[in-house]
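Source file: run05.txt; contents: compact mmCIF, C-alpha atoms.
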# COMPACT_ATOMS: atom_id res chain seq x y z
CA MET T 1 0.00 0.00 0.00
CA GLY T 2 1.59 3.27 -1.09
CA SER T 3 2.17 6.32 1.07
CA PRO T 4 -0.70 8.83 1.10
CA THR T 5 -0.26 11.97 -0.95
CA VAL T 6 0.14 15.04 1.22
CA THR T 7 -0.71 18.43 -0.23
CA PRO T 8 1.66 21.10 1.12
CA LEU T 9 -0.07 23.85 3.05
CA THR T 10 0.85 27.29 1.81
CA GLU T 11 0.00 30.02 4.28
CA ALA T 12 -1.13 33.30 2.79
CA ARG T 13 0.71 36.47 3.72
CA HIS T 14 -0.97 38.25 6.59
CA SER T 15 -1.23 42.00 6.98
CA GLY T 16 1.60 43.13 9.24
CA GLY T 17 2.94 39.58 9.57
CA PHE T 18 6.47 40.87 9.11
CA ILE T 19 6.31 43.21 12.14
CA VAL T 20 8.46 42.33 15.17
CA SER T 21 7.47 45.39 17.20
CA GLU T 22 6.13 48.90 16.71
CA ALA T 23 5.53 52.07 18.71
CA ASN T 24 2.43 52.46 20.85
CA GLY T 25 -0.68 53.82 19.22
CA HIS T 26 -0.54 54.43 15.48
CA ILE T 27 2.65 56.47 15.24
CA SER T 28 4.39 53.76 13.20
CA ARG T 29 1.70 53.60 10.54
CA GLU T 30 0.54 56.02 7.90
CA GLN T 31 -2.03 56.01 5.11
CA ILE T 32 -0.67 56.72 1.64
CA VAL T 33 -1.58 56.31 -2.03
CA LEU T 34 -0.06 53.18 -3.57
CA THR T 35 0.74 52.88 -7.27
CA GLY T 36 2.58 50.35 -9.40
CA SER T 37 0.02 48.56 -11.62
CA ALA T 38 0.34 45.23 -9.78
CA ASN T 39 -0.99 43.21 -6.86
CA ILE T 40 1.58 44.23 -4.25
CA PRO T 41 1.97 41.84 -1.29
CA ALA T 42 2.21 42.76 2.38
CA GLY T 43 5.82 43.28 3.44
CA SER T 44 6.89 44.83 0.13
CA VAL T 45 9.59 47.47 0.55
CA LEU T 46 8.42 50.76 -0.94
CA GLY T 47 9.91 54.02 -2.13
CA LYS T 48 8.22 57.38 -2.59
CA VAL T 49 7.88 59.11 -5.95
CA ALA T 50 9.49 62.41 -5.04
CA VAL T 51 11.09 64.07 -8.05
CA GLY T 52 9.89 65.65 -11.24
CA THR T 53 7.33 68.42 -11.57
CA SER T 54 5.32 69.84 -14.38
CA ALA T 55 6.39 73.20 -15.67
CA GLY T 56 6.00 76.16 -13.37
CA SER T 57 3.97 78.93 -14.97
CA ALA T 58 3.46 82.65 -14.56
CA GLY T 59 -0.28 83.11 -15.02
CA LEU T 60 -2.79 80.32 -15.65
CA LYS T 61 -4.82 79.33 -18.68
CA ALA T 62 -8.59 79.21 -18.26
CA PHE T 63 -10.19 75.80 -18.69
CA GLY T 64 -13.53 74.01 -18.76
CA LEU T 65 -14.85 70.45 -19.04
CA VAL T 66 -17.54 68.98 -21.26
CA THR T 67 -18.63 65.50 -20.15
CA LEU T 68 -21.09 63.13 -21.82
CA ALA T 69 -23.37 61.82 -19.07
CA LYS T 70 -25.28 59.84 -21.71
CA ASN T 71 -25.56 59.77 -25.47
CA PRO T 72 -27.17 62.85 -27.08
CA VAL T 73 -29.92 62.62 -29.67
CA ASP T 74 -30.16 63.90 -33.23
CA GLY T 75 -30.09 67.68 -33.32
CA ASP T 76 -28.50 68.26 -29.90
CA THR T 77 -25.75 70.89 -29.89
CA ILE T 78 -22.72 71.91 -27.91
CA ALA T 79 -20.96 75.27 -28.33
CA ILE T 80 -17.36 76.04 -27.37
CA ASN T 81 -16.23 79.67 -27.57
CA GLY T 82 -18.75 80.47 -30.29
CA THR T 83 -18.30 77.32 -32.36
CA THR T 84 -21.47 75.19 -32.41
CA ILE T 85 -21.35 71.46 -33.13
CA THR T 86 -24.57 69.62 -33.98
CA MET T 87 -25.03 65.92 -33.23
CA LYS T 88 -26.49 63.67 -35.94
CA SER T 89 -27.77 60.10 -35.94
CA SER T 90 -26.00 59.63 -39.29
CA GLY T 91 -24.84 61.49 -42.35
CA ALA T 92 -22.94 64.27 -40.53
CA THR T 93 -21.66 67.09 -42.74
CA GLY T 94 -20.08 70.46 -42.03
CA ALA T 95 -20.15 71.34 -38.33
CA GLN T 96 -21.87 68.07 -37.43
CA VAL T 97 -20.73 64.89 -35.68
CA ASN T 98 -22.29 61.43 -35.90
CA ILE T 99 -23.46 60.00 -32.57
CA GLY T 100 -21.58 56.85 -31.58
CA SER T 101 -23.07 53.70 -30.08
CA THR T 102 -21.78 54.67 -26.63
CA PRO T 103 -20.97 57.97 -24.88
CA THR T 104 -17.29 57.01 -25.04
CA LEU T 105 -17.38 56.67 -28.82
CA THR T 106 -19.41 59.86 -29.17
CA ALA T 107 -16.91 61.81 -27.09
CA ALA T 108 -14.08 60.45 -29.25
CA ALA T 109 -15.93 61.51 -32.41
CA ILE T 110 -16.49 65.03 -31.07
CA LEU T 111 -12.83 65.34 -30.11
CA ALA T 112 -11.75 64.09 -33.54
CA TYR T 113 -13.91 66.77 -35.16
CA ILE T 114 -12.49 69.50 -32.90
CA THR T 115 -8.94 68.34 -33.64
CA ALA T 116 -9.56 68.54 -37.37
CA HIS T 117 -11.38 71.90 -37.19
CA ASN T 118 -9.56 74.32 -34.95
CA ILE T 119 -11.75 76.21 -32.47
CA SER T 120 -10.57 79.76 -31.99
CA ASN T 121 -8.23 80.40 -29.05
CA VAL T 122 -8.66 77.02 -27.30
CA THR T 123 -7.22 73.53 -27.37
CA CYS T 124 -9.22 70.39 -26.54
CA THR T 125 -7.98 67.08 -25.16
CA ALA T 126 -9.57 63.90 -23.81
CA SER T 127 -10.39 63.75 -20.10
CA GLY T 128 -11.18 60.18 -19.11
CA ASN T 129 -13.45 58.16 -21.39
CA THR T 130 -16.27 60.65 -21.89
CA GLY T 131 -14.80 64.06 -21.09
CA ILE T 132 -13.36 66.83 -23.26
CA LEU T 133 -11.04 69.28 -21.51
CA VAL T 134 -11.16 72.74 -23.07
CA THR T 135 -8.09 74.89 -22.33
CA ALA T 136 -7.42 78.45 -23.41
CA SER T 137 -4.48 78.82 -25.77
CA ALA T 138 -2.96 81.64 -23.72
CA VAL T 139 -2.75 82.64 -20.06
CA GLY T 140 -4.87 85.52 -18.87
CA THR T 141 -8.31 86.43 -17.58
CA ALA T 142 -9.86 87.16 -20.99
CA ALA T 143 -10.56 83.48 -21.60
CA ASN T 144 -12.69 83.32 -18.46
CA SER T 145 -15.46 84.71 -20.65
CA TYR T 146 -15.20 81.99 -23.32
CA ALA T 147 -18.64 80.37 -23.34
CA LEU T 148 -19.64 76.72 -23.01
CA ALA T 149 -23.24 75.85 -23.89
CA THR T 150 -25.46 72.93 -24.85
CA SER T 151 -29.06 72.34 -25.89
CA ASN T 152 -29.22 69.11 -23.83
CA THR T 153 -27.95 69.38 -20.28
CA ASP T 154 -28.99 65.79 -19.57
CA ALA T 155 -26.53 64.49 -22.15
CA PHE T 156 -23.78 67.10 -21.82
CA THR T 157 -22.54 68.12 -18.38
CA LEU T 158 -20.63 71.42 -18.41
CA SER T 159 -18.20 72.63 -15.76
CA GLY T 160 -19.80 76.07 -16.09
CA ALA T 161 -21.26 78.56 -18.52
CA THR T 162 -17.74 79.79 -19.31
CA LEU T 163 -14.16 78.69 -18.93
CA LEU T 164 -12.66 79.49 -15.53
CA GLY T 165 -9.40 79.77 -13.65
CA GLY T 166 -7.49 82.05 -16.02
CA THR T 167 -5.14 84.45 -14.27
CA ALA T 168 -3.18 87.40 -15.56
CA ALA T 169 0.34 87.06 -16.83
CA ASN T 170 3.03 88.62 -14.67
CA THR T 171 4.46 92.09 -15.17
CA GLY T 172 7.97 90.68 -14.85
CA ASP T 173 9.40 87.88 -16.94
CA ALA T 174 11.13 85.89 -14.20
CA THR T 175 10.76 82.12 -14.46
CA VAL T 176 10.68 79.19 -12.05
CA THR T 177 13.56 76.80 -12.70
CA ALA T 178 15.27 73.85 -11.05
CA TYR T 179 12.13 72.66 -9.31
CA THR T 180 11.75 69.25 -7.65
CA VAL T 181 9.33 67.89 -5.09
CA GLY T 182 10.30 66.85 -1.59
CA SER T 183 9.37 63.91 0.61
CA SER T 184 6.28 65.67 2.02
CA ILE T 185 4.80 66.82 -1.29
CA LYS T 186 1.04 67.49 -1.34
CA PRO T 187 -1.28 67.14 -4.34
CA GLY T 188 -2.39 70.43 -5.84
CA THR T 189 -0.84 73.67 -7.01
CA TYR T 190 1.90 75.56 -5.18
CA LYS T 191 2.19 79.35 -5.51
CA ALA T 192 5.11 81.74 -5.27
CA ILE T 193 3.68 85.27 -4.93
CA CYS T 194 6.09 88.19 -5.30
CA VAL T 195 6.44 90.55 -2.37
CA THR T 196 9.19 92.62 -3.99
CA ALA T 197 10.99 92.56 -7.33
CA THR T 198 13.31 89.81 -6.05
CA THR T 199 11.44 87.93 -3.30
CA ALA T 200 8.30 85.80 -3.22
CA ASN T 201 6.26 84.05 -0.55
CA VAL T 202 5.86 80.33 -1.28
CA PHE T 203 2.53 78.72 -0.37
CA ASP T 204 1.51 75.06 -0.41
CA PRO T 205 -1.80 73.83 -1.92
CA ASP T 206 -3.55 74.37 1.43
CA GLY T 207 -2.50 78.03 1.46
CA ASP T 208 0.10 77.57 4.21
CA LEU T 209 3.20 79.75 3.95
CA LEU T 210 6.34 77.65 3.48
CA GLY T 211 8.81 80.54 3.46
CA VAL T 212 10.34 83.28 1.34
CA ALA T 213 12.14 82.55 -1.92
CA THR T 214 14.85 84.99 -2.95
CA PHE T 215 15.47 85.16 -6.69
CA ALA T 216 18.54 83.25 -7.93
CA THR T 217 18.78 81.44 -4.57
CA PRO T 218 17.48 77.84 -4.24
CA PHE T 219 14.38 77.62 -2.04
CA THR T 220 14.34 74.35 -0.11
CA ASP T 221 11.44 72.81 1.78
CA ALA T 222 10.28 69.31 2.71
CA GLN T 223 7.43 69.76 0.23
CA ILE T 224 8.98 71.48 -2.76
CA ASN T 225 12.28 72.93 -3.93
CA LEU T 226 12.62 75.64 -6.55
CA THR T 227 14.64 78.55 -7.86
CA ILE T 228 13.16 81.73 -9.35
CA THR T 229 15.39 83.24 -12.01
CA ALA T 230 14.98 86.94 -12.84
CA GLY T 231 14.53 87.99 -16.44
CA SER T 232 15.02 91.31 -18.19
CA THR T 233 11.78 92.87 -16.89
CA PRO T 234 11.55 93.21 -13.07
CA CYS T 235 8.68 91.57 -11.24
CA VAL T 236 6.24 93.57 -9.13
CA ALA T 237 4.37 92.72 -5.94
CA GLY T 238 1.57 90.30 -6.77
CA ASP T 239 3.28 88.58 -9.71
CA THR T 240 2.55 84.90 -9.17
CA PHE T 241 4.15 81.62 -10.22
CA TYR T 242 2.22 78.33 -10.16
CA ILE T 243 3.97 74.99 -9.76
CA THR T 244 2.02 71.74 -9.99
CA PRO T 245 3.69 68.44 -9.01
CA ALA T 246 3.92 65.88 -11.76
CA THR T 247 1.47 62.99 -11.85
CA GLY T 248 2.50 60.37 -9.30
CA ALA T 249 4.52 62.66 -7.07
CA GLY T 250 3.97 61.73 -3.43
CA LYS T 251 2.73 58.21 -4.19
CA TYR T 252 4.51 55.03 -3.11
CA LYS T 253 5.52 52.00 -5.15
CA PRO T 254 7.93 49.06 -4.76
CA VAL T 255 11.61 49.97 -4.66
CA THR T 256 13.43 49.08 -7.88
CA ALA T 257 17.06 49.45 -8.85
CA SER T 258 16.29 51.25 -12.11
CA ALA T 259 13.94 53.90 -10.72
CA THR T 260 14.97 57.54 -11.08
CA ASP T 261 11.85 59.24 -9.67
CA GLY T 262 12.82 58.93 -6.01
CA SER T 263 11.23 55.51 -5.49
CA GLN T 264 14.68 53.91 -5.71
CA VAL T 265 15.15 55.00 -2.08
CA ALA T 266 13.58 52.63 0.46
CA SER T 267 11.30 54.58 2.78
CA ALA T 268 8.44 52.34 3.97
CA ILE T 269 6.98 48.84 4.07
CA LEU T 270 3.50 47.93 2.85
CA TYR T 271 1.31 46.75 5.77
CA GLY T 272 -1.28 44.74 3.84
CA THR T 273 -1.52 43.23 0.36
CA THR T 274 -3.06 45.78 -2.01
CA ASP T 275 -4.09 45.27 -5.64
CA VAL T 276 -3.36 48.38 -7.72
CA THR T 277 -3.35 46.55 -11.04
CA SER T 278 -6.09 48.72 -12.52
CA ALA T 279 -6.00 51.83 -10.30
CA ASP T 280 -4.05 53.51 -7.51
CA LYS T 281 -5.49 52.90 -4.04
CA ASN T 282 -5.13 54.08 -0.48
CA ALA T 283 -2.96 51.76 1.60
CA VAL T 284 -1.28 51.59 5.00
CA ILE T 285 2.49 51.57 5.40
CA MET T 286 4.92 51.10 8.23
CA ALA T 287 6.57 54.51 8.02
CA ARG T 288 8.69 54.79 11.18
CA HIS T 289 9.56 53.50 14.66
CA CYS T 290 9.26 49.75 14.15
CA GLU T 291 11.26 46.51 13.95
CA VAL T 292 10.61 44.12 11.07
CA ASN T 293 11.61 40.57 10.18
CA LEU T 294 14.05 40.85 7.28
CA SER T 295 13.22 37.35 6.03
CA GLU T 296 9.54 38.35 5.69
CA LEU T 297 10.17 41.39 3.48
CA ILE T 298 9.43 41.35 -0.26
CA TRP T 299 11.99 42.87 -2.63
CA ASP T 300 11.79 43.55 -6.36
CA SER T 301 13.90 41.12 -8.37
CA SER T 302 16.18 43.98 -9.43
CA MET T 303 17.37 44.48 -5.86
CA THR T 304 20.73 42.74 -5.48
CA PRO T 305 22.17 41.80 -2.05
CA GLY T 306 24.29 44.94 -2.12
CA LEU T 307 21.31 47.15 -2.97
CA ILE T 308 19.27 45.50 -0.23
CA GLU T 309 21.99 46.37 2.30
CA THR T 310 21.80 49.99 1.14
CA ALA T 311 18.01 49.89 1.38
CA LYS T 312 18.23 48.56 4.96
CA THR T 313 20.32 51.61 5.85
CA GLN T 314 17.76 53.86 4.18
CA LEU T 315 14.97 52.24 6.21
CA ALA T 316 17.03 52.63 9.38
CA SER T 317 17.14 56.38 8.75
CA LYS T 318 13.33 56.24 9.14
CA SER T 319 13.74 54.21 12.36
CA ILE T 320 12.59 51.06 10.55
CA ILE T 321 14.98 48.39 11.82
CA CYS T 322 15.40 45.12 9.92
CA ARG T 323 16.23 42.15 12.22
Representation of the structure as structure tokens:
Amino acid sequence: MGSPTVTPLTEARHSGGFIVSEANGHISREQIVLTGSANIPAGSVLGKVAVGTSAGSAGLKAFGLVTLAKNPVDGDTIAINGTTITMKSSGATGAQVNIGSTPTLTAAAILAYITAHNISNVTCTASGNTGILVTASAVGTAANSYALATSNTDAFTLSGATLLGGTAANTGDATVTAYTVGSSIKPGTYKAICVTATTANVFDPDGDLLGVATFATPFTDAQINLTITAGSTPCVAGDTFYITPATGAGKYKPVTASATDGSQVASAILYGTTDVTSADKNAVIMARHCEVNLSELIWDSSMTPGLIETAKTQLASKSIICR
């Protein structure tokens, strides 16, 4: 009689199963946004996306959003800055667009028409599956009067009757250069508002004052770092620069050897398995003041023994001790 077949028992990874000890209360843990387009297991060593910003600007372009809540019907219209587009069931000609079988396809058809037939003083791009983002071609407040309208508000949802958010260009021609985001970056737009011709108060997206930036001198903060470089025309009090962190800044993802966005530096450990294959999600990390079992940590395959030793030192700087 043969020996019975025994199926090995594989224990699933438990949330926090790698923790040896942590500080009292919740000081060791923190909620973050996790990215990485994968199902990331508990105990994965993470880095924070902390470099790279979109261009800083002096003055903002007005914008608006047209969204298809449902498919329009034959004869419905939308108007963008004086240009009217009529929806047709079929046989579209001239300033007409054929209705697609779904709102997504209809939005794509409208955008294709706009791309082929320039609308005065605006540019249009896709926003999600059924949205069309309308942006003024130039900074300034004039575009705040550019109209958005529709004959069917059930089908077309508008952000407002006009574009909005346009701000005046600066008197001076100074520019924001050498900008990067820090470890405590917040989502939203940062502002540097001139107090004199060569100094500006820097505010975070919540409106909190971070400090004073002096032109030609690097401004350094845990949230954002920048330099304002004077041009040929002096700035005046009230001139404003807007700096928006690049997409992904401030999010966490697994540490990899090839990363150059800041996530190559180990800074946290994922508490519980989180699937971000299709979308970023909120997650809990061990951020500080804890001991962890080194053998229970998950490392990307690119992390060699030498890189792991370096990462252990980086974690130790956060008071995350690998045993």
Q. What is the CA of Ala112 in chain T to CA of Gly64 in chain T distance in Å?
A.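 Taking CA of Ala112 in chain T and CA of Gly64 in chain T, their separation equals 17.9 Å.
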Q: Quick one: everything within 8 Å of Thr229 in chain T, counting only C-alpha atoms, minus sequence neighbours fewer than 3 positions away in the same chain. Send it as a list in words.
A: Ala174, Thr175, Val176, Thr177, Phe215 and Ala216 of chain T
Selection above as a file: C-alpha atoms, as a PDB file, in the frame of the given file:
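result01.pdb, written as the output of this step:
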ATOM      1  CA  ALA T 174      11.130  85.890 -14.200  1.00  0.00           C
ATOM      2  CA  THR T 175      10.760  82.120 -14.460  1.00  0.00           C
ATOM      3  CA  VAL T 176      10.680  79.190 -12.050  1.00  0.00           C
ATOM      4  CA  THR T 177      13.560  76.800 -12.700  1.00  0.00           C
ATOM      5  CA  PHE T 215      15.470  85.160  -6.690  1.00  0.00           C
ATOM      6  CA  ALA T 216      18.540  83.250  -7.930  1.00  0.00           C
TER       7      ALA T 216
END
Q: Find, counting all atoms listed in the file, the residue in T:Cys194, T:Ala109, T:Leu133, T:Asn81 that gets nearest to Ala230 in chain T.
A: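 Between T:Cys194, T:Ala109, T:Leu133, T:Asn81, the residue approaching Ala230 in chain T most closely is T:Cys194.
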Q. Nearest to Ser15 in chain T: which of T:Thr273, T:Ser295, T:Ser267, T:Ser302 is it, counting only C-alpha atoms?
A.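 Closest candidate: T:Thr273.
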Q. What separation in Å, quoted to one decimal, exists between CA of Ile27 in chain T and CA of Arg288 in chain T?
A. 7.5 Å
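One distance worth recording is that between CA of Thr84 in chain T and CA of Leu60 in chain T, which is 25.6 Å.
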Q: Would you mind telling me which residue in T:Asn121, T:Asn144, T:Ser159, T:Asn282 lies nearest to Thr67 in chain T when using all atoms listed in the file?
A: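 Checking each of T:Asn121, T:Asn144, T:Ser159, T:Asn282 against Thr67 in chain T, counting all atoms listed in the file, the winner is T:Ser159.
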